[in-house]
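Peer 1: data27.txt (compact mmCIF, C-alpha atoms) pasted underneath:
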# COMPACT_ATOMS: atom_id res chain seq x y z
CA MET A 7 -28.56 14.62 -49.82
CA PRO A 8 -29.68 18.26 -50.01
CA VAL A 9 -27.24 20.96 -48.90
CA LEU A 10 -29.01 23.44 -46.71
CA HIS A 11 -27.91 27.04 -46.54
CA ALA A 12 -25.35 26.54 -49.32
CA SER A 13 -25.44 30.23 -50.22
CA ALA A 14 -25.61 31.59 -46.67
CA PRO A 15 -23.46 34.70 -46.11
CA TYR A 16 -22.26 33.23 -42.81
CA PRO A 17 -19.91 30.30 -42.23
CA ILE A 18 -22.16 27.43 -41.18
CA ARG A 19 -20.27 24.60 -39.53
CA ASP A 20 -20.05 21.53 -41.75
CA ASP A 21 -21.45 19.32 -39.00
CA LEU A 22 -24.42 21.64 -38.49
CA ALA A 23 -25.23 21.86 -42.19
CA ALA A 24 -24.91 18.09 -42.49
CA SER A 25 -27.23 17.45 -39.53
CA GLN A 26 -29.88 19.70 -41.03
CA ALA A 27 -29.51 17.98 -44.39
CA ARG A 28 -30.02 14.64 -42.63
CA ALA A 29 -33.10 16.04 -40.91
CA TRP A 30 -34.55 17.18 -44.22
CA ALA A 31 -33.89 13.79 -45.77
CA HIS A 32 -35.48 12.14 -42.73
CA ILE A 33 -38.64 14.19 -43.21
CA ALA A 34 -38.80 13.20 -46.88
CA ARG A 35 -38.55 9.47 -46.20
CA PRO A 36 -41.43 7.23 -45.11
CA GLY A 37 -41.56 7.33 -41.35
CA THR A 38 -43.00 5.00 -38.78
CA TRP A 39 -46.65 6.03 -39.11
CA TRP A 40 -46.71 8.53 -42.01
CA ASP A 41 -45.37 8.19 -45.52
CA GLY A 42 -42.97 10.69 -47.07
CA ALA A 43 -45.71 12.70 -48.73
CA ALA A 44 -47.59 13.14 -45.45
CA ARG A 45 -44.41 14.04 -43.60
CA VAL A 46 -43.48 16.73 -46.09
CA ALA A 47 -47.09 17.95 -45.95
CA ILE A 48 -46.77 18.22 -42.17
CA ALA A 49 -43.64 20.33 -42.61
CA ALA A 50 -45.44 22.53 -45.13
CA GLN A 51 -48.41 22.88 -42.79
CA THR A 52 -46.01 23.84 -40.00
CA ARG A 53 -44.82 26.74 -42.11
CA GLN A 54 -48.35 27.80 -42.95
CA ALA A 55 -49.66 27.61 -39.36
CA PRO A 56 -48.61 31.14 -38.27
CA LEU A 57 -50.82 32.51 -41.06
CA CYS A 58 -53.95 30.66 -39.88
CA ALA A 59 -56.74 33.04 -38.90
CA LEU A 60 -58.30 30.54 -36.47
CA CYS A 61 -54.97 30.10 -34.71
CA ARG A 62 -54.54 33.85 -34.41
CA ARG A 63 -58.01 34.23 -32.87
CA ARG A 64 -57.31 31.38 -30.47
CA LYS A 65 -53.94 32.82 -29.50
CA ASP A 66 -55.63 36.06 -28.50
CA ALA A 67 -58.39 34.29 -26.57
CA VAL A 68 -58.28 33.54 -22.86
CA SER A 69 -59.26 29.95 -23.64
CA PRO A 70 -58.20 28.68 -27.07
CA MET A 71 -60.74 25.86 -27.09
CA ALA A 72 -63.58 28.34 -26.67
CA ILE A 73 -62.90 29.54 -30.22
CA GLU A 74 -64.41 27.23 -32.79
CA GLY A 75 -63.67 27.23 -36.46
CA THR A 76 -61.74 25.58 -39.25
CA HIS A 77 -58.03 25.95 -39.75
CA ASP A 78 -56.63 27.58 -42.84
CA SER A 79 -55.17 24.42 -44.29
CA LEU A 80 -53.15 23.51 -47.35
CA GLY A 81 -55.66 20.73 -47.89
CA ARG A 82 -53.21 17.82 -47.87
CA LEU A 83 -53.78 16.43 -44.39
CA PRO A 84 -56.74 15.28 -42.29
CA GLU A 85 -58.25 18.07 -40.20
CA MET A 86 -57.14 16.46 -36.91
CA VAL A 87 -53.53 16.43 -38.09
CA VAL A 88 -53.82 20.08 -39.08
CA GLU A 89 -55.20 20.82 -35.60
CA VAL A 90 -52.15 19.17 -34.00
CA VAL A 91 -49.67 20.88 -36.32
CA HIS A 92 -51.23 24.28 -35.84
CA ARG A 93 -51.60 24.07 -32.06
CA VAL A 94 -48.07 22.77 -31.55
CA ARG A 95 -46.66 25.40 -33.88
CA THR A 96 -48.63 28.44 -32.73
CA ASP A 97 -49.67 27.93 -29.09
CA PRO A 98 -47.72 25.08 -27.49
CA SER A 99 -47.69 26.52 -23.98
CA ARG A 100 -51.45 26.09 -23.69
CA LEU A 101 -51.63 22.50 -24.83
CA GLY A 102 -53.30 20.43 -22.14
CA GLU A 103 -53.94 16.76 -21.52
CA ARG A 104 -57.64 17.17 -22.17
CA TRP A 105 -56.84 18.46 -25.65
CA TYR A 106 -54.38 15.62 -26.23
CA ARG A 107 -56.92 12.97 -25.19
CA LYS A 108 -59.48 14.58 -27.47
CA VAL A 109 -57.01 14.34 -30.40
CA ILE A 110 -56.33 10.66 -29.67
CA GLY A 111 -60.02 10.00 -29.17
CA GLY A 112 -60.65 11.75 -32.47
CA GLY A 113 -58.84 9.05 -34.44
CA LEU A 114 -55.14 9.87 -34.38
CA THR A 115 -53.06 7.09 -32.84
CA GLU A 116 -50.47 7.89 -30.20
CA GLY A 117 -47.67 6.97 -32.59
CA GLN A 118 -49.07 9.13 -35.36
CA TYR A 119 -49.35 12.02 -32.91
CA VAL A 120 -45.75 11.70 -31.73
CA GLU A 121 -44.48 11.55 -35.28
CA VAL A 122 -46.43 14.69 -36.20
CA VAL A 123 -44.94 16.49 -33.20
CA SER A 124 -41.48 15.39 -34.28
CA VAL A 125 -41.81 16.61 -37.85
CA VAL A 126 -43.16 19.94 -36.59
CA ALA A 127 -40.18 20.19 -34.23
CA HIS A 128 -37.62 19.37 -36.93
CA THR A 129 -39.14 22.02 -39.18
CA VAL A 130 -39.28 24.67 -36.47
CA ALA A 131 -35.66 24.05 -35.45
CA ILE A 132 -34.33 24.50 -38.96
CA ASP A 133 -36.66 27.30 -40.03
CA THR A 134 -36.11 29.33 -36.85
CA MET A 135 -32.35 29.17 -37.28
CA ALA A 136 -32.71 30.29 -40.90
CA ARG A 137 -34.94 33.17 -39.84
CA GLY A 138 -32.40 34.19 -37.23
CA LEU A 139 -29.75 34.42 -39.92
CA GLY A 140 -32.01 36.31 -42.31
CA LEU A 141 -32.15 33.40 -44.74
CA GLU A 142 -35.13 32.28 -46.74
CA PRO A 143 -36.67 29.01 -45.52
CA THR A 144 -35.02 26.07 -47.24
CA PRO A 145 -37.24 24.53 -49.93
CA LEU A 146 -38.95 21.45 -48.59
CA PRO A 147 -37.60 18.14 -49.84
CA ALA A 148 -39.36 16.00 -52.40
CA PRO A 149 -41.09 13.09 -50.66
CA GLU A 150 -39.60 9.67 -51.19
CA PRO A 151 -41.80 6.70 -52.06
CA GLY A 152 -42.43 3.84 -49.71
CA SER A 153 -44.60 2.79 -46.81
CA PRO A 154 -44.28 3.57 -43.11
CA SER A 155 -42.76 0.85 -40.96
CA HIS A 156 -45.58 0.75 -38.37
CA TYR A 157 -43.05 -0.19 -35.71
CA ARG A 158 -44.35 0.15 -32.17
CA PRO A 159 -41.78 -0.65 -29.49
CA LYS A 160 -42.95 -3.44 -27.19
CA GLY A 161 -41.39 -1.58 -24.28
CA ALA A 162 -43.43 1.60 -24.74
CA LYS A 163 -45.75 1.95 -21.76
CA PRO A 164 -47.81 4.67 -20.12
CA GLY A 165 -45.67 6.78 -17.82
CA SER A 166 -45.79 10.23 -16.36
CA ALA A 167 -46.14 11.98 -19.72
CA TRP A 168 -49.28 12.12 -21.82
CA VAL A 169 -47.76 9.83 -24.43
CA PRO A 170 -46.47 6.28 -23.74
CA TRP A 171 -42.70 6.10 -23.60
CA ILE A 172 -39.85 3.66 -23.20
CA GLU A 173 -38.00 3.48 -19.92
CA PRO A 174 -34.35 2.45 -20.39
CA ALA A 175 -35.04 -1.00 -18.95
CA GLY A 176 -37.75 -1.49 -21.54
CA ALA A 177 -35.59 -0.66 -24.57
CA SER A 178 -34.90 -3.57 -26.91
CA ALA A 179 -32.12 -3.99 -29.45
CA SER A 180 -34.31 -2.18 -31.96
CA GLU A 181 -34.16 0.92 -29.80
CA ALA A 182 -30.40 0.70 -29.30
CA GLY A 183 -28.72 4.06 -29.10
CA ILE A 184 -31.73 6.25 -28.45
CA TYR A 185 -30.61 6.87 -24.88
CA PRO A 186 -27.17 7.69 -23.45
CA SER A 187 -25.37 4.74 -21.97
CA ASP A 188 -23.72 6.55 -19.09
CA ARG A 189 -26.65 8.29 -17.40
CA PRO A 190 -30.44 8.07 -17.10
CA PRO A 191 -32.20 9.74 -20.02
CA ALA A 192 -33.93 13.03 -19.31
CA ASN A 193 -37.68 13.09 -19.81
CA ILE A 194 -37.18 15.18 -22.95
CA MET A 195 -35.25 12.28 -24.46
CA LYS A 196 -38.03 9.82 -23.57
CA ALA A 197 -40.76 12.17 -24.80
CA MET A 198 -40.87 10.83 -28.37
CA SER A 199 -39.54 7.32 -27.69
CA LEU A 200 -42.82 5.77 -28.80
CA VAL A 201 -41.34 6.46 -32.25
CA PRO A 202 -37.62 5.70 -31.80
CA ASP A 203 -36.53 6.88 -35.24
CA GLU A 204 -37.84 10.34 -34.38
CA VAL A 205 -35.74 10.40 -31.21
CA ARG A 206 -32.65 9.48 -33.19
CA SER A 207 -33.24 12.13 -35.82
CA PHE A 208 -34.30 14.97 -33.53
CA PHE A 209 -31.44 14.46 -31.10
CA ASP A 210 -29.02 14.43 -34.00
CA LEU A 211 -30.21 17.99 -34.59
CA VAL A 212 -29.90 18.73 -30.87
CA THR A 213 -26.27 17.59 -30.96
CA HIS A 214 -25.33 19.97 -33.73
CA GLN A 215 -27.65 22.96 -33.25
CA TYR A 216 -27.16 22.98 -29.48
CA LEU A 217 -24.57 20.67 -27.91
CA PRO A 218 -23.86 16.94 -27.71
CA GLY A 219 -25.44 15.41 -24.63
CA ALA A 220 -22.14 14.34 -23.12
CA VAL A 221 -20.80 17.90 -23.04
CA MET A 222 -23.90 19.85 -22.09
CA ARG A 223 -22.68 19.98 -18.52
CA ASP A 224 -18.96 20.08 -19.25
CA PHE A 225 -18.13 23.59 -18.20
CA SER A 226 -14.39 22.95 -18.27
CA ARG A 227 -14.13 24.03 -21.88
CA GLU A 228 -16.17 25.71 -24.57
CA TYR A 229 -17.43 23.86 -27.61
CA ARG A 230 -18.90 26.67 -29.62
CA ALA A 231 -17.94 30.20 -30.63
CA ILE A 232 -20.29 31.41 -27.90
CA SER A 233 -19.81 30.26 -24.32
CA HIS A 234 -21.86 27.74 -22.33
CA ALA A 235 -23.28 30.61 -20.32
CA GLN A 236 -24.27 32.50 -23.46
CA ILE A 237 -25.83 29.35 -24.92
CA GLU A 238 -27.86 28.74 -21.77
CA LEU A 239 -28.94 32.39 -21.66
CA LEU A 240 -30.33 32.06 -25.17
CA ALA A 241 -32.01 28.75 -24.32
CA ALA A 242 -33.56 30.15 -21.17
CA ARG A 243 -34.85 33.28 -22.89
CA VAL A 244 -36.42 31.28 -25.71
CA SER A 245 -38.07 28.92 -23.24
CA ALA A 246 -39.36 31.83 -21.19
CA LEU A 247 -40.83 33.44 -24.29
CA ASN A 248 -42.43 30.10 -25.16
CA ARG A 249 -43.66 29.78 -21.55
CA CYS A 250 -42.16 26.31 -21.36
CA LEU A 251 -41.37 25.29 -17.81
CA TYR A 252 -39.40 22.17 -18.71
CA MET B 12 -21.82 37.86 -19.09
CA PRO B 13 -20.41 39.32 -22.30
CA TYR B 14 -23.08 40.51 -24.73
CA GLY B 15 -25.93 39.18 -22.62
CA ARG B 16 -28.30 41.99 -23.57
CA LEU B 17 -27.50 41.58 -27.27
CA LEU B 18 -28.10 37.83 -27.08
CA VAL B 19 -31.44 38.29 -25.33
CA ALA B 20 -32.50 40.95 -27.83
CA PHE B 21 -31.56 38.59 -30.66
CA ALA B 22 -33.56 35.69 -29.21
CA GLU B 23 -36.58 37.94 -28.69
CA ALA B 24 -36.33 39.30 -32.23
CA VAL B 25 -36.02 35.85 -33.80
CA LEU B 26 -39.21 34.74 -32.06
CA GLY B 27 -40.96 38.03 -32.78
CA GLU B 28 -42.68 39.21 -35.91
CA ASP B 29 -40.79 42.44 -36.59
CA HIS B 30 -38.35 41.82 -39.42
CA GLY B 31 -36.72 45.20 -38.90
CA ALA B 32 -36.08 44.49 -35.24
CA LEU B 33 -34.56 41.12 -36.15
CA ALA B 34 -32.23 42.68 -38.70
CA ARG B 35 -31.13 45.29 -36.16
CA ALA B 36 -30.59 42.68 -33.46
CA ARG B 37 -28.57 40.54 -35.84
CA ASP B 38 -26.49 43.51 -36.97
CA ALA B 39 -25.80 44.41 -33.35
CA LEU B 40 -24.88 40.87 -32.34
CA MET B 41 -22.60 40.06 -35.29
CA PRO B 42 -19.67 42.32 -34.39
CA ALA B 43 -19.92 41.14 -30.79
CA VAL B 44 -19.79 37.38 -31.29
CA GLY B 45 -18.58 37.18 -34.88
CA PRO B 46 -20.23 35.35 -37.77
CA VAL B 47 -19.54 31.89 -36.35
CA GLY B 48 -20.97 32.94 -32.99
CA LEU B 49 -24.02 34.38 -34.72
CA VAL B 50 -24.67 31.06 -36.44
CA ASP B 51 -24.27 29.25 -33.13
CA ALA B 52 -26.69 31.67 -31.48
CA ALA B 53 -29.26 31.22 -34.25
CA GLY B 54 -28.85 27.47 -33.97
CA VAL B 55 -29.54 27.49 -30.24
CA VAL B 56 -32.58 29.75 -30.62
CA GLY B 57 -33.91 27.48 -33.35
CA LEU B 58 -33.31 24.31 -31.41
CA PHE B 59 -34.96 25.54 -28.24
CA ASN B 60 -37.90 26.97 -30.17
CA ALA B 61 -38.41 23.39 -31.32
CA ILE B 62 -37.59 21.39 -28.22
CA ASP B 63 -39.94 23.53 -26.12
CA ARG B 64 -42.71 22.30 -28.40
CA VAL B 65 -41.70 18.67 -27.94
CA ALA B 66 -41.88 19.11 -24.18
CA ASP B 67 -45.21 20.90 -24.23
CA ALA B 68 -46.85 18.62 -26.81
CA THR B 69 -45.93 15.39 -25.01
CA GLY B 70 -46.81 16.54 -21.50
CA ILE B 71 -43.51 15.55 -19.93
CA PRO B 72 -43.14 16.56 -16.30
CA LEU B 73 -40.04 18.07 -14.77
CA GLU B 74 -37.87 15.34 -13.25
CA PRO B 75 -37.93 15.26 -9.42
CA GLU B 76 -34.24 16.11 -9.13
CA LYS B 77 -34.58 19.10 -11.44
CA ALA B 78 -37.72 20.19 -9.62
CA ALA B 79 -35.87 20.08 -6.31
CA ALA B 80 -32.84 21.92 -7.66
CA SER B 81 -34.93 24.67 -9.21
CA ALA B 82 -37.64 25.05 -6.57
CA ASP B 83 -36.31 28.30 -5.14
CA PHE B 84 -35.94 30.27 -8.34
CA ARG B 85 -39.06 28.76 -9.87
CA ALA B 86 -40.97 30.16 -6.93
CA ARG B 87 -39.20 33.52 -7.10
CA LEU B 88 -39.93 33.85 -10.80
CA ASP B 89 -43.43 32.32 -10.60
CA LEU B 90 -42.50 29.82 -13.29
CA ASP B 91 -44.72 26.99 -12.08
CA ARG B 92 -47.69 28.62 -13.76
CA PHE B 93 -46.14 27.32 -17.00
CA ALA B 94 -46.21 23.71 -15.79
CA VAL B 95 -47.95 21.19 -18.01
CA ALA B 96 -49.92 19.94 -15.03
CA GLU B 97 -51.41 23.42 -14.54
CA ARG B 98 -53.06 23.37 -17.94
CA ASP B 99 -56.56 22.40 -18.81
Show this structure as structure tokens.

Peer 2:
Amino acid sequence: MPVLHASAPYPIRDDLAASQARAWAHIARPGTWWDGAARVAIAAQTRQAPLCALCRRRKDAVSPMAIEGTHDSLGRLPEMVVEVVHRVRTDPSRLGERWYRKVIGGGLTEGQYVEVVSVVAHTVAIDTMARGLGLEPTPLPAPEPGSPSHYRPKGAKPGSAWVPWIEPAGASASEAGIYPSDRPPANIMKAMSLVPDEVRSFFDLVTHQYLPGAVMRDFSREYRAISHAQIELLAARVSALNRCLY
Amino acid sequence: MPYGRLLVAFAEAVLGEDHGALARARDALMPAVGPVGLVDAAGVVGLFNAIDRVADATGIPLEPEKAAASADFRARLDLDRFAVAERD
């Protein structure tokens, strides 16, 4: 398993480094809908997205979809996947359901879409932390061979999000552990449940880069070197900058 | 809150494009929260930069109980304009 940030000039908690190493290994492995090579290509495209001239023009425009053009791509993924990666990476606050339906109508399946979003999110989480510490982005992992599982949970149904998701009552043994057992899952936990392995992996990162779910609202003690209040201040400011209401 | 302004400046610099501003924000925050605190802060900024994208890309709505609990300050801060449902 790769060791991320091994030469960092700051003491990175063992659990945090290990979770990011697991995330990197997860990206390299065949997923549910994309093989390892595609998943690593998605991560690479995520890194390249901020340099895309089309994305920059769209970001400056009042309506992004009024700007036509071709993305600056690394050439390893279908154009529709590049569109998803770039939009999620560079302008997520203006994603709308019409755009999502157009992506799905354009040939990407819902499962493929969710998995792309997840790989982008994993990459952004790790890369943003590295940038904050003044570290170079960690080299992407080498893809592992093998085929995607093509597992679609029987319990995944349309709900109040754009993507189908699994309500707790619809989770089978194959989805065991993706939701907490002591409280209803928040919508953010259900968001990627169409691809359960992505929920498991991403929320492993959440546990170690942010806080474990069970203690997020435990204000009786502190779990990090910064306080709960300081953590939530950071979270709120980032979300405000990203114009994310949720 | 201790070091609130430094934490906010750090978050803004991490998400910004000015490498100099980021280095200055990091250098200002480090003595305040220590190296372990700095790593924790960077971790939180990174995680929320990612999880915001999951929320926005999947179109999840705010849960009714959260919407009710936050209605007053959402209105005061005009945050509902960021709602997924408001987008094209």

Peer 1: What are the nearest atom pairs, with distances in Å to one decimal, for all residues of chain B that come at most 8 Å from chain A, using all atoms listed in the file, set out by chain and rising residue number as a Markdown table?

Peer 2:
| residue | atom | partner | partner_atom | distance |
| --- | --- | --- | --- | --- |
| B:Met12 | CA | A:Gln236 | CA | 7.3 |
| B:Pro13 | CA | A:Gln236 | CA | 7.9 |
| B:Gly15 | CA | A:Gln236 | CA | 6.9 |
| B:Leu18 | CA | A:Leu240 | CA | 6.5 |
| B:Val19 | CA | A:Leu240 | CA | 6.3 |
| B:Phe21 | CA | A:Gly138 | CA | 8.0 |
| B:Ala22 | CA | A:Val244 | CA | 6.3 |
| B:Glu23 | CA | A:Val244 | CA | 7.3 |
| B:Val25 | CA | A:Gly138 | CA | 5.3 |
| B:Leu26 | CA | A:Val244 | CA | 7.8 |
| B:Leu33 | CA | A:Gly138 | CA | 7.3 |
| B:Ala34 | CA | A:Gly140 | CA | 7.3 |
| B:Arg37 | CA | A:Leu139 | CA | 7.4 |
| B:Val44 | CA | A:Ile232 | CA | 6.9 |
| B:Pro46 | CA | A:Tyr16 | CA | 5.8 |
| B:Val47 | CA | A:Pro17 | CA | 6.1 |
| B:Gly48 | CA | A:Ala231 | CA | 4.7 |
| B:Leu49 | CA | A:Leu139 | CA | 7.7 |
| B:Val50 | CA | A:Ile18 | CA | 6.5 |
| B:Asp51 | CA | A:Ala231 | CA | 6.9 |
| B:Ala52 | CA | A:Ile237 | CA | 7.0 |
| B:Ala53 | CA | A:Met135 | CA | 4.8 |
| B:Gly54 | CA | A:Gln215 | CA | 4.7 |
| B:Val55 | CA | A:Tyr216 | CA | 5.2 |
| B:Val56 | CA | A:Leu240 | CA | 6.3 |
| B:Gly57 | CA | A:Ala131 | CA | 4.4 |
| B:Leu58 | CA | A:Ala131 | CA | 4.7 |
| B:Phe59 | CA | A:Ala241 | CA | 5.9 |
| B:Asn60 | CA | A:Val244 | CA | 6.4 |
| B:Ala61 | CA | A:Ala127 | CA | 4.7 |
| B:Ile62 | CA | A:Ala127 | CA | 6.7 |
| B:Asp63 | CA | A:Cys250 | CA | 5.9 |
| B:Arg64 | CA | A:Pro98 | CA | 5.8 |
| B:Val65 | CA | A:Val123 | CA | 6.6 |
| B:Ala66 | CA | A:Ile194 | CA | 6.2 |
| B:Asp67 | CA | A:Pro98 | CA | 5.9 |
| B:Ala68 | CA | A:Val94 | CA | 6.4 |
| B:Thr69 | CA | A:Trp168 | CA | 5.7 |
| B:Gly70 | CA | A:Ala167 | CA | 4.9 |
| B:Ile71 | CA | A:Ala167 | CA | 4.4 |
| B:Pro72 | CA | A:Ala167 | CA | 6.5 |
| B:Leu73 | CA | A:Tyr252 | CA | 5.7 |
| B:Glu74 | CA | A:Asn193 | CA | 6.9 |
| B:Leu90 | CA | A:Leu251 | CA | 6.5 |
| B:Asp91 | CA | A:Leu251 | CA | 6.9 |
| B:Phe93 | CA | A:Leu251 | CA | 5.2 |
| B:Ala94 | CA | A:Leu251 | CA | 5.5 |
| B:Val95 | CA | A:Gly102 | CA | 6.8 |
| B:Ala96 | CA | A:Gly102 | CA | 7.9 |
| B:Arg98 | CA | A:Gly102 | CA | 5.1 |
| B:Asp99 | CA | A:Gly102 | CA | 5.1 |

Peer 1: Any idea what the distance is between CA of Pro164 in chain A and CA of Gly117 in chain A?

Peer 2: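 About the pair CA of Pro164 in chain A and CA of Gly117 in chain A: they are 12.7 Å apart.
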
Peer 1: Using all atoms listed in the file, can you tell me which of A:Ile73, A:Met86, A:Cys58, A:Ala148 comes closest to Trp30 in chain A?

Peer 2: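 Selected residue with least distance to Trp30 in chain A: A:Ala148.
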
Peer 1: Work out how far CA of Ala50 in chain A is from CA of Arg158 in chain A, in Å to one decimal.

Peer 2: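 One can read the CA of Arg158 in chain A to CA of Ala50 in chain A distance as 25.9 Å.
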
Peer 1: Name the closest residue to His156 in chain A among the candidates A:Pro84, A:Pro202, A:Pro143, A:Gly176; distances are taken between atoms, counting all atoms listed in the file.

Peer 2: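 Counting all atoms listed in the file, the residue closest to His156 in chain A is A:Pro202.
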
Peer 1: Would you be able to write out as a list in words which residues have an atom within 7 Å of (-58.1, 30.3, -36.6) in the file's coordinates, counting only C-alpha atoms?

Peer 2: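 Answer for this query, in the requested form: Cys58, Ala59, Leu60, Cys61, Arg62, Arg63, Arg64, Gly75, Thr76, His77 and Asp78 of chain A.
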
Peer 1: Quote the spacing between CA of Ala14 in chain A and CA of Gly27 in chain B in Å to one decimal place.

Peer 2: 21.7 Å

Peer 1: Quick one: residues within 6 Å of Pro36 in chain A, only C-alpha atoms counted, chain neighbours fewer than 2 positions away excluded, as a list in words?

Peer 2: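 Contacts, in chain order: Asp41, Gly42, Gly152, Ser153 and Pro154 of chain A.
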